[in-house]
>>> print(open('work.txt').read())   # compact mmCIF, N, CA and C atoms
# COMPACT_ATOMS: atom_id res chain seq x y z
N MET A 1 -38.59 -34.14 11.14
CA MET A 1 -37.45 -33.66 11.90
C MET A 1 -36.17 -33.73 11.08
N LEU A 2 -36.02 -34.80 10.34
CA LEU A 2 -34.81 -34.95 9.54
C LEU A 2 -34.71 -33.85 8.49
N GLY A 3 -35.81 -33.55 7.81
CA GLY A 3 -35.81 -32.49 6.81
C GLY A 3 -35.46 -31.14 7.42
N GLY A 4 -35.96 -30.88 8.61
CA GLY A 4 -35.65 -29.63 9.29
C GLY A 4 -34.18 -29.52 9.63
N SER A 5 -33.56 -30.61 10.04
CA SER A 5 -32.15 -30.55 10.41
C SER A 5 -31.27 -30.39 9.18
N VAL A 6 -31.67 -30.97 8.05
CA VAL A 6 -30.90 -30.79 6.82
C VAL A 6 -30.98 -29.34 6.37
N ALA A 7 -32.20 -28.79 6.37
CA ALA A 7 -32.36 -27.39 5.97
C ALA A 7 -31.60 -26.48 6.93
N SER A 8 -31.62 -26.81 8.20
CA SER A 8 -30.92 -26.01 9.19
C SER A 8 -29.41 -26.04 8.96
N SER A 9 -28.86 -27.22 8.63
CA SER A 9 -27.42 -27.30 8.41
C SER A 9 -27.03 -26.59 7.11
N ILE A 10 -27.91 -26.63 6.10
CA ILE A 10 -27.64 -25.89 4.87
C ILE A 10 -27.67 -24.40 5.15
N GLU A 11 -28.67 -23.96 5.92
CA GLU A 11 -28.74 -22.54 6.28
C GLU A 11 -27.52 -22.12 7.09
N ASP A 12 -27.06 -22.99 7.99
CA ASP A 12 -25.86 -22.69 8.77
C ASP A 12 -24.65 -22.54 7.85
N GLY A 13 -24.55 -23.43 6.86
CA GLY A 13 -23.45 -23.34 5.90
C GLY A 13 -23.51 -22.06 5.08
N LEU A 14 -24.72 -21.69 4.66
CA LEU A 14 -24.89 -20.45 3.91
C LEU A 14 -24.52 -19.25 4.77
N ASP A 15 -24.98 -19.26 6.02
CA ASP A 15 -24.66 -18.16 6.93
C ASP A 15 -23.15 -18.03 7.13
N LYS A 16 -22.47 -19.17 7.26
CA LYS A 16 -21.02 -19.14 7.47
C LYS A 16 -20.31 -18.57 6.25
N MET A 17 -20.74 -18.99 5.05
CA MET A 17 -20.10 -18.47 3.84
C MET A 17 -20.36 -16.97 3.67
N ALA A 18 -21.59 -16.55 3.94
CA ALA A 18 -21.90 -15.12 3.85
C ALA A 18 -21.10 -14.34 4.88
N ARG A 19 -20.96 -14.91 6.09
CA ARG A 19 -20.19 -14.25 7.15
C ARG A 19 -18.71 -14.14 6.75
N ASP A 20 -18.17 -15.20 6.14
CA ASP A 20 -16.77 -15.16 5.70
C ASP A 20 -16.55 -14.09 4.64
N ALA A 21 -17.47 -14.00 3.68
CA ALA A 21 -17.35 -12.99 2.63
C ALA A 21 -17.51 -11.59 3.23
N ARG A 22 -18.45 -11.43 4.14
CA ARG A 22 -18.69 -10.14 4.78
C ARG A 22 -17.50 -9.72 5.63
N THR A 23 -16.87 -10.66 6.29
CA THR A 23 -15.72 -10.37 7.15
C THR A 23 -14.58 -9.74 6.35
N VAL A 24 -14.39 -10.19 5.12
CA VAL A 24 -13.34 -9.62 4.27
C VAL A 24 -13.60 -8.13 4.05
N LEU A 25 -14.84 -7.79 3.72
CA LEU A 25 -15.18 -6.38 3.47
C LEU A 25 -15.02 -5.55 4.74
N LEU A 26 -15.44 -6.10 5.87
CA LEU A 26 -15.33 -5.36 7.12
C LEU A 26 -13.88 -5.23 7.57
N ALA A 27 -13.04 -6.23 7.26
CA ALA A 27 -11.62 -6.14 7.60
C ALA A 27 -10.94 -5.03 6.79
N ILE A 28 -11.29 -4.93 5.51
CA ILE A 28 -10.72 -3.87 4.68
C ILE A 28 -11.21 -2.50 5.17
N ALA A 29 -12.47 -2.43 5.58
CA ALA A 29 -13.00 -1.18 6.14
C ALA A 29 -12.23 -0.80 7.39
N ALA A 30 -12.00 -1.77 8.26
CA ALA A 30 -11.28 -1.50 9.51
C ALA A 30 -9.84 -1.07 9.23
N LEU A 31 -9.19 -1.69 8.25
CA LEU A 31 -7.83 -1.30 7.91
C LEU A 31 -7.78 0.14 7.39
N ASN A 32 -8.74 0.51 6.55
CA ASN A 32 -8.78 1.88 6.04
C ASN A 32 -9.03 2.88 7.15
N LEU A 33 -10.05 2.64 7.96
CA LEU A 33 -10.38 3.58 9.03
C LEU A 33 -9.30 3.60 10.10
N GLY A 34 -8.76 2.45 10.43
CA GLY A 34 -7.68 2.38 11.42
C GLY A 34 -6.42 3.08 10.92
N GLY A 35 -6.10 2.88 9.64
CA GLY A 35 -4.95 3.56 9.07
C GLY A 35 -5.11 5.06 9.06
N ALA A 36 -6.31 5.53 8.72
CA ALA A 36 -6.57 6.97 8.73
C ALA A 36 -6.44 7.51 10.15
N ALA A 37 -6.96 6.79 11.12
CA ALA A 37 -6.88 7.23 12.51
C ALA A 37 -5.42 7.27 12.98
N LEU A 38 -4.65 6.25 12.64
CA LEU A 38 -3.24 6.23 13.04
C LEU A 38 -2.46 7.38 12.41
N LEU A 39 -2.71 7.63 11.12
CA LEU A 39 -2.03 8.75 10.46
C LEU A 39 -2.39 10.08 11.13
N TRP A 40 -3.65 10.25 11.45
CA TRP A 40 -4.10 11.49 12.06
C TRP A 40 -3.52 11.65 13.46
N ILE A 41 -3.59 10.59 14.27
CA ILE A 41 -3.12 10.65 15.66
C ILE A 41 -1.60 10.86 15.70
N ALA A 42 -0.90 10.18 14.81
CA ALA A 42 0.56 10.28 14.80
C ALA A 42 1.05 11.60 14.23
N GLY A 43 0.14 12.38 13.68
CA GLY A 43 0.53 13.66 13.12
C GLY A 43 1.20 13.55 11.78
N GLY A 44 0.97 12.44 11.09
CA GLY A 44 1.60 12.23 9.79
C GLY A 44 0.91 12.94 8.65
N VAL A 45 -0.20 13.61 8.93
CA VAL A 45 -0.90 14.35 7.88
C VAL A 45 -1.13 15.79 8.35
N PRO A 46 -0.99 16.74 7.44
CA PRO A 46 -1.13 18.14 7.85
C PRO A 46 -2.58 18.54 8.16
N ASP A 47 -3.55 17.96 7.48
CA ASP A 47 -4.95 18.29 7.75
C ASP A 47 -5.84 17.09 7.42
N VAL A 48 -7.09 17.23 7.76
CA VAL A 48 -8.05 16.13 7.61
C VAL A 48 -8.22 15.72 6.14
N SER A 49 -8.09 16.66 5.22
CA SER A 49 -8.34 16.36 3.81
C SER A 49 -7.40 15.28 3.28
N ALA A 50 -6.26 15.09 3.92
CA ALA A 50 -5.32 14.07 3.47
C ALA A 50 -5.81 12.65 3.78
N VAL A 51 -6.66 12.50 4.79
CA VAL A 51 -7.16 11.17 5.14
C VAL A 51 -8.61 10.95 4.74
N ILE A 52 -9.22 11.96 4.14
CA ILE A 52 -10.62 11.83 3.70
C ILE A 52 -10.81 10.63 2.75
N PRO A 53 -9.92 10.42 1.75
CA PRO A 53 -10.13 9.25 0.87
C PRO A 53 -10.14 7.92 1.63
N GLN A 54 -9.27 7.78 2.62
CA GLN A 54 -9.25 6.55 3.42
C GLN A 54 -10.53 6.41 4.23
N ILE A 55 -11.01 7.49 4.78
CA ILE A 55 -12.24 7.46 5.58
C ILE A 55 -13.43 7.09 4.69
N VAL A 56 -13.52 7.71 3.53
CA VAL A 56 -14.63 7.42 2.61
C VAL A 56 -14.57 5.97 2.15
N THR A 57 -13.36 5.50 1.82
CA THR A 57 -13.21 4.10 1.39
C THR A 57 -13.57 3.15 2.53
N GLY A 58 -13.17 3.46 3.73
CA GLY A 58 -13.51 2.63 4.88
C GLY A 58 -15.01 2.55 5.10
N ILE A 59 -15.68 3.70 4.98
CA ILE A 59 -17.14 3.72 5.14
C ILE A 59 -17.80 2.93 4.02
N ALA A 60 -17.29 3.07 2.79
CA ALA A 60 -17.85 2.33 1.65
C ALA A 60 -17.72 0.82 1.85
N PHE A 61 -16.55 0.37 2.31
CA PHE A 61 -16.37 -1.06 2.55
C PHE A 61 -17.24 -1.54 3.72
N GLY A 62 -17.43 -0.70 4.72
CA GLY A 62 -18.34 -1.05 5.81
C GLY A 62 -19.76 -1.22 5.31
N ALA A 63 -20.20 -0.31 4.44
CA ALA A 63 -21.55 -0.42 3.87
C ALA A 63 -21.68 -1.67 3.01
N LEU A 64 -20.63 -1.98 2.24
CA LEU A 64 -20.66 -3.21 1.44
C LEU A 64 -20.73 -4.44 2.36
N GLY A 65 -20.04 -4.39 3.48
CA GLY A 65 -20.08 -5.49 4.44
C GLY A 65 -21.48 -5.71 5.00
N VAL A 66 -22.17 -4.61 5.27
CA VAL A 66 -23.55 -4.72 5.77
C VAL A 66 -24.45 -5.29 4.68
N TRP A 67 -24.27 -4.83 3.44
CA TRP A 67 -25.06 -5.30 2.32
C TRP A 67 -24.82 -6.79 2.06
N ALA A 68 -23.61 -7.27 2.30
CA ALA A 68 -23.24 -8.65 2.00
C ALA A 68 -23.81 -9.66 2.98
N ARG A 69 -24.62 -9.22 3.91
CA ARG A 69 -25.15 -10.11 4.94
C ARG A 69 -25.89 -11.31 4.36
N ARG A 70 -26.71 -11.09 3.37
CA ARG A 70 -27.53 -12.18 2.83
C ARG A 70 -27.18 -12.58 1.41
N SER A 71 -26.60 -11.69 0.65
CA SER A 71 -26.24 -11.99 -0.73
C SER A 71 -24.87 -11.39 -1.01
N PRO A 72 -23.82 -12.14 -0.74
CA PRO A 72 -22.49 -11.54 -0.71
C PRO A 72 -21.79 -11.33 -2.06
N MET A 73 -22.23 -11.96 -3.13
CA MET A 73 -21.43 -11.92 -4.36
C MET A 73 -21.27 -10.51 -4.93
N LEU A 74 -22.34 -9.79 -5.12
CA LEU A 74 -22.23 -8.46 -5.72
C LEU A 74 -21.45 -7.48 -4.83
N PRO A 75 -21.73 -7.42 -3.52
CA PRO A 75 -20.91 -6.52 -2.69
C PRO A 75 -19.43 -6.87 -2.68
N VAL A 76 -19.12 -8.16 -2.66
CA VAL A 76 -17.70 -8.57 -2.68
C VAL A 76 -17.07 -8.19 -4.01
N ALA A 77 -17.79 -8.41 -5.11
CA ALA A 77 -17.25 -8.05 -6.44
C ALA A 77 -17.02 -6.54 -6.52
N ILE A 78 -17.96 -5.76 -6.03
CA ILE A 78 -17.80 -4.30 -6.03
C ILE A 78 -16.61 -3.91 -5.14
N GLY A 79 -16.49 -4.54 -3.98
CA GLY A 79 -15.37 -4.25 -3.08
C GLY A 79 -14.03 -4.58 -3.70
N VAL A 80 -13.94 -5.72 -4.38
CA VAL A 80 -12.68 -6.09 -5.04
C VAL A 80 -12.37 -5.10 -6.17
N ALA A 81 -13.39 -4.69 -6.90
CA ALA A 81 -13.18 -3.71 -7.97
C ALA A 81 -12.70 -2.37 -7.41
N ILE A 82 -13.31 -1.92 -6.31
CA ILE A 82 -12.88 -0.67 -5.68
C ILE A 82 -11.43 -0.80 -5.20
N TYR A 83 -11.10 -1.92 -4.58
CA TYR A 83 -9.74 -2.14 -4.10
C TYR A 83 -8.75 -2.14 -5.28
N ALA A 84 -9.09 -2.85 -6.36
CA ALA A 84 -8.19 -2.93 -7.51
C ALA A 84 -7.99 -1.56 -8.14
N LEU A 85 -9.07 -0.77 -8.28
CA LEU A 85 -8.93 0.57 -8.83
C LEU A 85 -8.08 1.46 -7.93
N GLY A 86 -8.28 1.34 -6.63
CA GLY A 86 -7.46 2.11 -5.69
C GLY A 86 -6.00 1.71 -5.74
N LEU A 87 -5.74 0.41 -5.90
CA LEU A 87 -4.36 -0.07 -5.99
C LEU A 87 -3.70 0.45 -7.26
N VAL A 88 -4.41 0.43 -8.38
CA VAL A 88 -3.86 0.95 -9.63
C VAL A 88 -3.61 2.45 -9.52
N ALA A 89 -4.56 3.18 -8.93
CA ALA A 89 -4.39 4.62 -8.76
C ALA A 89 -3.18 4.92 -7.88
N THR A 90 -3.00 4.16 -6.82
CA THR A 90 -1.85 4.36 -5.94
C THR A 90 -0.55 4.03 -6.67
N LEU A 91 -0.56 2.97 -7.46
CA LEU A 91 0.64 2.63 -8.23
C LEU A 91 1.01 3.72 -9.22
N LEU A 92 0.00 4.36 -9.79
CA LEU A 92 0.28 5.42 -10.76
C LEU A 92 0.73 6.71 -10.09
N THR A 93 0.18 7.03 -8.92
CA THR A 93 0.51 8.30 -8.27
C THR A 93 1.67 8.21 -7.28
N ASN A 94 1.78 7.07 -6.58
CA ASN A 94 2.81 6.93 -5.57
C ASN A 94 3.25 5.47 -5.49
N PRO A 95 4.00 5.00 -6.48
CA PRO A 95 4.35 3.58 -6.51
C PRO A 95 5.16 3.11 -5.31
N LEU A 96 5.92 4.00 -4.69
CA LEU A 96 6.72 3.60 -3.54
C LEU A 96 5.85 3.21 -2.35
N ALA A 97 4.64 3.75 -2.27
CA ALA A 97 3.73 3.39 -1.18
C ALA A 97 3.33 1.92 -1.27
N VAL A 98 3.24 1.40 -2.48
CA VAL A 98 2.86 0.00 -2.67
C VAL A 98 4.09 -0.89 -2.70
N LEU A 99 5.16 -0.41 -3.30
CA LEU A 99 6.33 -1.24 -3.52
C LEU A 99 7.31 -1.27 -2.36
N SER A 100 7.01 -0.54 -1.29
CA SER A 100 7.84 -0.64 -0.09
C SER A 100 7.58 -1.99 0.58
N MET A 101 8.43 -2.36 1.50
CA MET A 101 8.27 -3.65 2.17
C MET A 101 6.90 -3.75 2.84
N TRP A 102 6.51 -2.73 3.61
CA TRP A 102 5.23 -2.78 4.32
C TRP A 102 4.06 -2.69 3.35
N GLY A 103 4.24 -1.94 2.27
CA GLY A 103 3.19 -1.86 1.26
C GLY A 103 2.94 -3.20 0.60
N LEU A 104 4.04 -3.91 0.27
CA LEU A 104 3.90 -5.23 -0.33
C LEU A 104 3.24 -6.22 0.63
N ILE A 105 3.62 -6.16 1.90
CA ILE A 105 3.03 -7.05 2.89
C ILE A 105 1.54 -6.76 3.05
N LEU A 106 1.20 -5.48 3.21
CA LEU A 106 -0.20 -5.10 3.39
C LEU A 106 -1.04 -5.48 2.18
N HIS A 107 -0.56 -5.14 0.99
CA HIS A 107 -1.35 -5.44 -0.21
C HIS A 107 -1.38 -6.94 -0.50
N GLY A 108 -0.34 -7.65 -0.13
CA GLY A 108 -0.39 -9.12 -0.24
C GLY A 108 -1.48 -9.70 0.64
N ILE A 109 -1.58 -9.20 1.87
CA ILE A 109 -2.64 -9.66 2.79
C ILE A 109 -4.01 -9.29 2.23
N LEU A 110 -4.14 -8.07 1.71
CA LEU A 110 -5.43 -7.64 1.16
C LEU A 110 -5.83 -8.46 -0.06
N ILE A 111 -4.87 -8.81 -0.90
CA ILE A 111 -5.18 -9.63 -2.07
C ILE A 111 -5.65 -11.02 -1.64
N VAL A 112 -5.00 -11.59 -0.63
CA VAL A 112 -5.44 -12.90 -0.11
C VAL A 112 -6.85 -12.77 0.48
N LEU A 113 -7.11 -11.70 1.23
CA LEU A 113 -8.45 -11.47 1.77
C LEU A 113 -9.49 -11.37 0.65
N CYS A 114 -9.16 -10.63 -0.40
CA CYS A 114 -10.10 -10.49 -1.53
C CYS A 114 -10.35 -11.84 -2.19
N PHE A 115 -9.30 -12.62 -2.38
CA PHE A 115 -9.46 -13.95 -2.97
C PHE A 115 -10.37 -14.82 -2.10
N ASN A 116 -10.15 -14.78 -0.79
CA ASN A 116 -10.99 -15.57 0.12
C ASN A 116 -12.44 -15.09 0.10
N GLY A 117 -12.64 -13.79 0.03
CA GLY A 117 -14.00 -13.25 -0.02
C GLY A 117 -14.73 -13.68 -1.28
N VAL A 118 -14.05 -13.61 -2.42
CA VAL A 118 -14.67 -14.04 -3.67
C VAL A 118 -14.96 -15.54 -3.63
N SER A 119 -14.02 -16.31 -3.11
CA SER A 119 -14.22 -17.75 -3.00
C SER A 119 -15.43 -18.08 -2.12
N SER A 120 -15.56 -17.42 -0.99
CA SER A 120 -16.71 -17.64 -0.10
C SER A 120 -18.01 -17.24 -0.77
N ALA A 121 -18.00 -16.12 -1.48
CA ALA A 121 -19.21 -15.66 -2.17
C ALA A 121 -19.61 -16.62 -3.28
N LEU A 122 -18.63 -17.13 -4.03
CA LEU A 122 -18.94 -18.10 -5.08
C LEU A 122 -19.50 -19.40 -4.48
N ASN A 123 -18.90 -19.86 -3.39
CA ASN A 123 -19.42 -21.06 -2.73
C ASN A 123 -20.82 -20.83 -2.18
N TYR A 124 -21.08 -19.63 -1.67
CA TYR A 124 -22.41 -19.28 -1.19
C TYR A 124 -23.43 -19.40 -2.32
N ASN A 125 -23.10 -18.78 -3.47
CA ASN A 125 -24.02 -18.83 -4.61
C ASN A 125 -24.24 -20.26 -5.09
N LYS A 126 -23.19 -21.06 -5.12
CA LYS A 126 -23.30 -22.45 -5.56
C LYS A 126 -24.22 -23.23 -4.63
N LEU A 127 -24.02 -23.09 -3.34
CA LEU A 127 -24.84 -23.81 -2.36
C LEU A 127 -26.28 -23.31 -2.39
N LYS A 128 -26.45 -22.02 -2.57
CA LYS A 128 -27.79 -21.43 -2.62
C LYS A 128 -28.56 -21.96 -3.84
N ARG A 129 -27.88 -22.06 -5.00
CA ARG A 129 -28.53 -22.61 -6.20
C ARG A 129 -28.84 -24.09 -6.02
N GLN A 130 -27.92 -24.79 -5.40
CA GLN A 130 -28.08 -26.24 -5.25
C GLN A 130 -29.19 -26.61 -4.29
N PHE A 131 -29.32 -25.89 -3.18
CA PHE A 131 -30.27 -26.28 -2.15
C PHE A 131 -31.34 -25.23 -1.89
N GLY A 132 -31.46 -24.24 -2.75
CA GLY A 132 -32.40 -23.15 -2.54
C GLY A 132 -33.84 -23.62 -2.35
N ASP A 133 -34.26 -24.64 -3.09
CA ASP A 133 -35.64 -25.12 -2.97
C ASP A 133 -35.90 -25.83 -1.65
N LYS A 134 -34.88 -26.33 -1.00
CA LYS A 134 -35.03 -27.04 0.28
C LYS A 134 -35.07 -26.06 1.46
N LEU A 135 -34.75 -24.79 1.21
CA LEU A 135 -34.69 -23.81 2.29
C LEU A 135 -36.01 -23.13 2.55
N ALA A 136 -36.95 -23.26 1.66
CA ALA A 136 -38.24 -22.56 1.81
C ALA A 136 -39.11 -23.11 2.88
>>> encode(input="work.txt", output="structure tokens")
Amino acid sequence: MLGGSVASSIEDGLDKMARDARTVLLAIAALNLGGAALLWIAGGVPDVSAVIPQIVTGIAFGALGVWARRSPMLPVAIGVAIYALGLVATLLTNPLAVLSMWGLILHGILIVLCFNGVSSALNYNKLKRQFGDKLA
């Protein structure tokens, strides 16, 4: 019984870390899709093609979130890389979008989310390596 409870608590810890890492990806997906919906509803875009990149990015982050269910490190790393590339592209094409007050606040929150996701994924991998043989 004692061995079962230890393995169960380790599995619970792993599940929590994977859930934390996955939540970051799903939050970024929700922000992208929600932002695209708000722009479209508010009439801030002339046609759908203006929000297609946000929709595609939101779907990609949602798919990464689903993938991160059991092994979060690679999906989180890919998500952070996609976010960083998008941020650099936005800085090169429209720096005022990032450097405005709301842009700085939003990207500051996203950077903190990415940091937390990577931290959770690293902790997941560490715990998985440390106690992997006890989980079988």
>>> atom_distance(input="work.txt", atom1="atom C of Ala97 in chain A", atom2="atom C of Ala50 in chain A")
15.0 Å
>>> closest_residue(input="work.txt", among="A:Leu106, A:Glu11, A:Gly44, A:Ala21", to="Val76 in chain A", atoms="only N, CA and C atoms")
A:Ala21
>>> closest_residue(input="work.txt", among="A:Leu104, A:Ala81, A:Ala60, A:Leu113", to="Thr23 in chain A", atoms="all atoms listed in the file")
A:Leu113
>>> closest_residue(input="work.txt", among="A:Gly65, A:Pro75, A:Gly58, A:Gly132", to="Leu33 in chain A", atoms="all atoms listed in the file")
A:Gly58
>>> atom_distance(input="work.txt", atom1="CA of Ala77 in chain A", atom2="CA of Leu96 in chain A")
26.8 Å
>>> atom_distance(input="work.txt", atom1="CA of Asn125 in chain A", atom2="atom N of Ile78 in chain A")
14.5 Å
>>> select_by_dssp(input="work.txt", residues="range 28-127 of chain A", states="alpha helix (DSSP H)", output="ChimeraX atom specification")
/A:28-42,52-67,73-93,95-99,101-127
>>> closest_residue(input="work.txt", among="A:Leu39, A:Asn32, A:Pro72, A:Gly108", to="Gln54 in chain A", atoms="all atoms listed in the file")
A:Asn32
>>> residues_around(input="work.txt", residues="range 119-122 of chain A", least_positions_apart="5", cutoff="12 Å", atoms="only C-alpha atoms", output="PyMOL selection string")
chain A and resi 13-25+68-77+80+112-114+127-129
>>> closest_residue(input="work.txt", among="A:Leu99, A:Ala63, A:Leu91, A:Val51", to="Ala36 in chain A", atoms="only N, CA and C atoms")
A:Val51
>>> closest_residue(input="work.txt", among="A:Ala29, A:Ile10, A:Ser49, A:Val118", to="Val66 in chain A", atoms="only C-alpha atoms")
A:Ala29
>>> decode(input="work.txt", residues="range 36-54 of chain A", atoms="C-alpha atoms", output="CSV table (one decimal), in the first residue's frame")
chain,number,residue,atom,x,y,z
A,36,ALA,CA,-8.8,37.5,-33.7
A,37,ALA,CA,-12.4,37.2,-32.7
A,38,LEU,CA,-12.4,40.6,-31.0
A,39,LEU,CA,-10.8,42.2,-34.0
A,40,TRP,CA,-13.3,40.6,-36.4
A,41,ILE,CA,-16.3,41.4,-34.2
A,42,ALA,CA,-15.2,45.0,-33.6
A,43,GLY,CA,-14.7,45.6,-37.3
A,44,GLY,CA,-11.1,46.4,-36.9
A,45,VAL,CA,-10.1,44.3,-39.9
A,46,PRO,CA,-11.3,44.7,-43.5
A,47,ASP,CA,-11.5,41.0,-44.3
A,48,VAL,CA,-10.8,37.6,-42.8
A,49,SER,CA,-7.3,37.4,-44.3
A,50,ALA,CA,-6.1,40.0,-41.8
A,51,VAL,CA,-6.8,37.6,-38.9
A,52,ILE,CA,-5.8,34.3,-40.5
A,53,PRO,CA,-2.3,34.4,-39.0
A,54,GLN,CA,-3.7,34.8,-35.5
